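Okay, data-v1.cif now, which holds mmCIF, C-alpha atoms:
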data_entry
loop_
_atom_site.label_atom_id
_atom_site.label_comp_id
_atom_site.auth_asym_id
_atom_site.auth_seq_id
_atom_site.Cartn_x
_atom_site.Cartn_y
_atom_site.Cartn_z
CA MET A 37 21.41 9.78 -15.67
CA SER A 38 20.89 11.36 -12.27
CA ARG A 39 20.85 9.16 -9.19
CA LEU A 40 17.20 10.07 -8.48
CA LYS A 41 16.10 9.08 -12.01
CA LEU A 42 18.05 5.82 -11.75
CA LEU A 43 16.38 4.97 -8.42
CA ALA A 44 12.96 5.75 -9.88
CA LEU A 45 13.70 3.54 -12.91
CA VAL A 46 14.89 0.64 -10.73
CA ALA A 47 11.86 0.99 -8.44
CA GLY A 48 9.51 1.03 -11.45
CA LEU A 49 11.12 -2.07 -12.93
CA PHE A 50 10.92 -3.86 -9.57
CA LEU A 51 7.21 -3.06 -9.18
CA THR A 52 6.49 -4.16 -12.74
CA PHE A 53 8.42 -7.40 -12.28
CA SER A 54 6.80 -8.11 -8.88
CA SER A 55 3.27 -7.55 -10.20
CA THR A 56 3.91 -9.65 -13.29
CA ALA A 57 5.54 -12.44 -11.31
CA MET A 58 2.66 -12.55 -8.82
CA ALA A 59 -0.06 -12.46 -11.46
CA GLY A 60 1.64 -15.08 -13.60
CA GLY A 61 2.83 -17.36 -10.83
CA ILE A 62 -0.16 -17.89 -8.56
CA LYS A 63 -1.84 -21.26 -8.95
CA ALA A 64 -3.95 -23.69 -6.95
CA LYS A 65 -2.54 -27.22 -6.76
CA PRO A 66 -5.18 -29.72 -5.55
CA TRP A 67 -4.35 -32.41 -3.02
CA SER A 68 -6.00 -35.23 -1.12
CA TYR A 69 -5.20 -36.03 2.50
CA ASP A 70 -6.16 -39.60 3.35
CA PRO A 71 -3.52 -41.36 5.48
CA ASP A 72 -5.97 -44.10 6.52
CA LYS A 73 -6.87 -44.86 2.87
CA THR A 74 -10.60 -44.25 3.38
CA GLY A 75 -11.10 -42.87 -0.14
CA CYS A 76 -13.38 -40.11 1.10
CA GLY A 77 -11.35 -36.89 0.83
CA THR A 78 -10.28 -35.51 -2.55
CA GLY A 79 -9.30 -32.33 -4.33
CA ALA A 80 -9.17 -31.94 -8.13
CA TRP A 81 -9.71 -29.47 -10.94
CA VAL A 82 -12.68 -30.65 -13.04
CA THR A 83 -13.87 -29.38 -16.41
CA HIS A 84 -17.32 -28.11 -17.37
CA GLU A 85 -18.39 -27.60 -13.73
CA GLY A 86 -17.20 -24.03 -13.20
CA LEU A 87 -17.81 -20.55 -14.50
CA PRO A 88 -16.62 -19.67 -18.03
CA ASP A 89 -12.87 -19.49 -18.50
CA SER A 90 -10.51 -19.23 -21.44
CA GLY A 91 -10.62 -22.25 -23.73
CA ASN A 92 -14.25 -22.95 -22.75
CA SER A 93 -13.15 -25.65 -20.33
CA ASP A 94 -15.04 -23.98 -17.44
CA HIS A 95 -12.92 -25.47 -14.66
CA ALA A 96 -13.88 -25.61 -10.98
CA LEU A 97 -11.92 -26.84 -8.00
CA TYR A 98 -13.89 -29.85 -6.68
CA LEU A 99 -13.33 -30.72 -3.03
CA THR A 100 -14.95 -33.69 -1.27
CA LYS A 101 -15.25 -35.49 2.02
CA PHE A 102 -17.86 -38.21 1.56
CA CYS A 103 -17.57 -39.57 5.10
CA ALA A 104 -18.04 -38.32 8.67
CA THR A 105 -16.20 -35.19 9.78
CA ALA A 106 -14.34 -37.25 12.42
CA THR A 107 -12.67 -39.35 9.67
CA ASN A 108 -9.02 -38.42 9.18
CA ALA A 109 -9.34 -37.21 5.57
CA ALA A 110 -9.70 -33.97 3.60
CA GLY A 111 -9.57 -32.49 0.14
CA GLY A 112 -7.85 -29.23 -0.60
CA ALA A 113 -5.46 -27.14 -2.63
CA THR A 114 -2.21 -25.31 -1.97
CA ILE A 115 -1.95 -21.81 -3.40
CA ASP A 116 1.54 -21.50 -4.90
CA GLY A 117 3.25 -18.18 -5.60
CA VAL A 118 2.01 -16.26 -2.54
CA GLN A 119 5.00 -16.45 -0.20
CA GLY A 120 6.04 -12.97 0.92
CA ILE A 121 2.93 -11.08 -0.23
CA GLU A 122 0.86 -8.85 2.02
CA LEU A 123 -2.70 -10.22 1.85
CA THR A 124 -5.22 -7.45 1.19
CA GLU A 125 -8.08 -9.44 -0.38
CA ILE A 126 -9.09 -13.09 -0.40
CA GLY A 127 -12.15 -14.93 -1.62
CA TRP A 128 -13.76 -17.27 -4.13
CA ASP A 129 -16.91 -18.11 -6.06
CA VAL A 130 -18.81 -21.03 -4.51
CA ARG A 131 -21.38 -23.13 -6.35
CA ASP A 132 -24.64 -23.06 -4.40
CA ASP A 133 -25.30 -26.83 -4.52
CA GLY A 134 -22.28 -27.62 -2.31
CA HIS A 135 -21.34 -27.11 1.33
CA CYS A 136 -20.44 -23.63 2.59
CA GLY A 137 -19.90 -23.98 6.33
CA ALA A 138 -18.08 -22.11 9.06
CA GLY A 139 -15.09 -24.44 8.82
CA ALA A 140 -15.16 -25.79 5.27
CA PRO A 141 -14.20 -24.92 2.75
CA ARG A 142 -11.78 -22.57 4.44
CA PHE A 143 -8.58 -20.72 3.77
CA ASN A 144 -5.68 -21.58 6.10
CA VAL A 145 -3.31 -18.63 5.86
CA VAL A 146 0.03 -18.99 7.63
CA THR A 147 1.84 -15.69 8.09
CA SER A 148 5.60 -15.25 8.34
CA ASP A 149 5.35 -15.35 12.17
CA ASP A 150 4.06 -18.97 11.82
CA VAL A 151 0.52 -18.10 13.00
CA ASN A 152 -2.26 -20.05 11.24
CA HIS A 153 -5.28 -17.86 10.38
CA PHE A 154 -8.66 -19.34 9.37
CA ILE A 155 -11.25 -17.88 7.01
CA GLY A 156 -14.25 -20.18 6.61
CA CYS A 157 -16.82 -20.01 3.84
CA SER A 158 -19.52 -18.68 6.20
CA SER A 159 -17.40 -17.52 9.14
CA PRO A 160 -16.23 -14.82 9.43
CA PRO A 161 -19.07 -13.09 7.62
CA PRO A 162 -17.84 -12.09 4.16
CA LEU A 163 -17.02 -8.49 3.37
CA SER A 164 -19.30 -8.99 0.37
CA ALA A 165 -21.40 -11.77 -1.13
CA SER A 166 -23.01 -11.43 -4.53
CA VAL A 167 -24.58 -13.66 -7.15
CA GLN A 168 -22.08 -14.23 -9.96
CA ALA A 169 -24.15 -16.38 -12.24
CA SER A 170 -27.08 -18.68 -11.78
CA GLY A 171 -26.10 -21.10 -9.03
CA TRP A 172 -22.88 -19.30 -7.95
CA THR A 173 -22.13 -16.84 -5.14
CA ARG A 174 -18.99 -14.68 -4.92
CA PHE A 175 -17.54 -14.24 -1.42
CA ARG A 176 -14.82 -11.72 -0.52
CA TYR A 177 -13.26 -11.52 2.95
CA ASP A 178 -11.26 -8.92 4.81
CA PRO A 179 -8.06 -10.59 6.11
CA ALA A 180 -8.47 -8.55 9.31
CA THR A 181 -11.58 -10.65 10.11
CA ALA A 182 -9.72 -13.98 9.97
CA PHE A 183 -9.33 -15.97 13.18
CA PRO A 184 -7.02 -14.76 14.55
CA PRO A 185 -7.00 -11.50 12.56
CA ILE A 186 -4.24 -10.96 9.99
CA ALA A 187 -2.61 -7.66 10.90
CA PRO A 188 -1.97 -5.13 8.13
CA GLY A 189 1.63 -5.40 6.97
CA SER A 190 1.89 -9.12 7.80
CA THR A 191 3.39 -11.23 5.05
CA VAL A 192 2.17 -14.62 3.90
CA LYS A 193 4.14 -17.82 4.32
CA SER A 194 1.50 -20.14 2.79
CA ILE A 195 -2.19 -20.40 1.85
CA ASP A 196 -4.19 -23.62 1.61
CA ILE A 197 -7.85 -24.29 0.93
CA VAL A 198 -9.13 -27.11 3.14
CA PHE A 199 -12.37 -29.09 2.94
CA ASP A 200 -12.65 -31.36 5.97
CA GLU A 201 -16.32 -31.22 7.02
CA GLY A 202 -18.07 -34.44 6.07
CA ILE A 203 -21.56 -35.63 5.22
CA ASP A 204 -22.70 -35.23 8.84
CA GLN A 205 -22.28 -31.45 8.34
CA GLY A 206 -23.59 -31.02 4.81
CA GLN A 207 -23.40 -32.34 1.27
CA GLY A 208 -19.80 -33.61 1.53
CA PHE A 209 -18.58 -31.63 -1.48
CA VAL A 210 -18.08 -28.12 -2.83
CA TYR A 211 -17.12 -26.54 -6.16
CA VAL A 212 -15.08 -23.32 -5.96
CA ASP A 213 -13.91 -21.11 -8.80
CA ASN A 214 -12.18 -17.76 -9.31
CA ILE A 215 -10.09 -18.06 -6.15
CA ASP A 216 -9.15 -14.44 -5.38
CA ILE A 217 -5.74 -13.59 -3.95
CA ASN A 218 -5.26 -9.79 -3.90
CA GLY A 219 -7.41 -9.41 -7.01
CA THR A 220 -5.67 -12.16 -9.01
CA LEU A 221 -8.23 -14.84 -9.89
CA ILE A 222 -7.39 -18.54 -10.14
CA GLY A 223 -10.06 -20.26 -12.22
CA LYS A 224 -8.31 -23.24 -13.72
CA PRO A 225 -5.18 -25.40 -13.41
CA GLY A 226 -1.87 -23.73 -14.10
CA ASN A 227 -0.96 -20.09 -13.54
CA ALA A 228 -3.67 -17.52 -12.84
#

Have the structure of the file written as structure tokens, please.
Amino acid sequence: MSRLKLLALVAGLFLTFSSTAMAGGIKAKPWSYDPDKTGCGTGAWVTHEGLPDSGNSDHALYLTKFCATATNAAGGATIDGVQGIELTEIGWDVRDDGHCGAGAPRFNVVTSDDVNHFIGCSSPPPLSASVQASGWTRFRYDPATAFPPIAPGSTVKSIDIVFDEGIDQGQGFVYVDNIDINGTLIGKPGNA
């Protein structure tokens, strides 16, 4: 086999493996941050509250903060399997009965240079927003509009979803589904 053919084969296998690993390994792991034991900030996957998914369990990520924004508590989720990727697309489907503010829910994207970038539900303005199903809106954001902007070619160190705006800002909860990381959708617990 010629050297050029061997390099092409190795490159093809690497791209196939990388795509498969990313698609199969991305997941959202809910968490609750509540060091003062207030009981008001939670994150959890819940069944029969989201859009249709395999197995008819219809999961949604449920995030709450049923207290004032100033309370030291939050609900959220860590997106596993994204370290080292270049972020080209990010978004989610948000149920219309919950809170969609400038600061919550939001993506906290830390790039490999240790800069924390914020993308809130309503700020920056989404690249697109469309009705997915009755009561749900799909939001997609350009990483370049994050605060501060994520430069093309930057690689991701971590991504979290944070819900830390309380009942003084809105309903105190949100349901999100189909979390979009570079076109891979996370719609239930486990791997996307």

Between A:Cys76, A:Ala180, A:Ala165, A:Ala138, smallest distance to Thr100 in chain A by all atoms listed in the file belongs to A:Cys76

Residues matched by the PyMOL selection byres ((chain A and resi 64) around 8) as a list in words: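 The output of the PyMOL selection byres ((chain A and resi 64) around 8) on this file is Ile62, Lys63, Lys65, Pro66, Ala113, Thr114, Ile115, Asp116, Ile222, Pro225 and Gly226 of chain A.
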
By how many Å are CA of Ile215 in chain A and CA of Asp196 in chain A apart? 11.2 Å

When you count only C-alpha atoms, which of these residues is closest to Ala182 in chain A: A:Gly91, A:Gly202, A:Pro162, A:Gly112? A:Pro162

I want to know what sits within 12 Å of Ala104 in chain A, based on all atoms listed in the file, with residues of the same chain fewer than 4 positions away left out; could you give that as a ChimeraX atom specification? /A:74,76-77,100,108-110,200-208
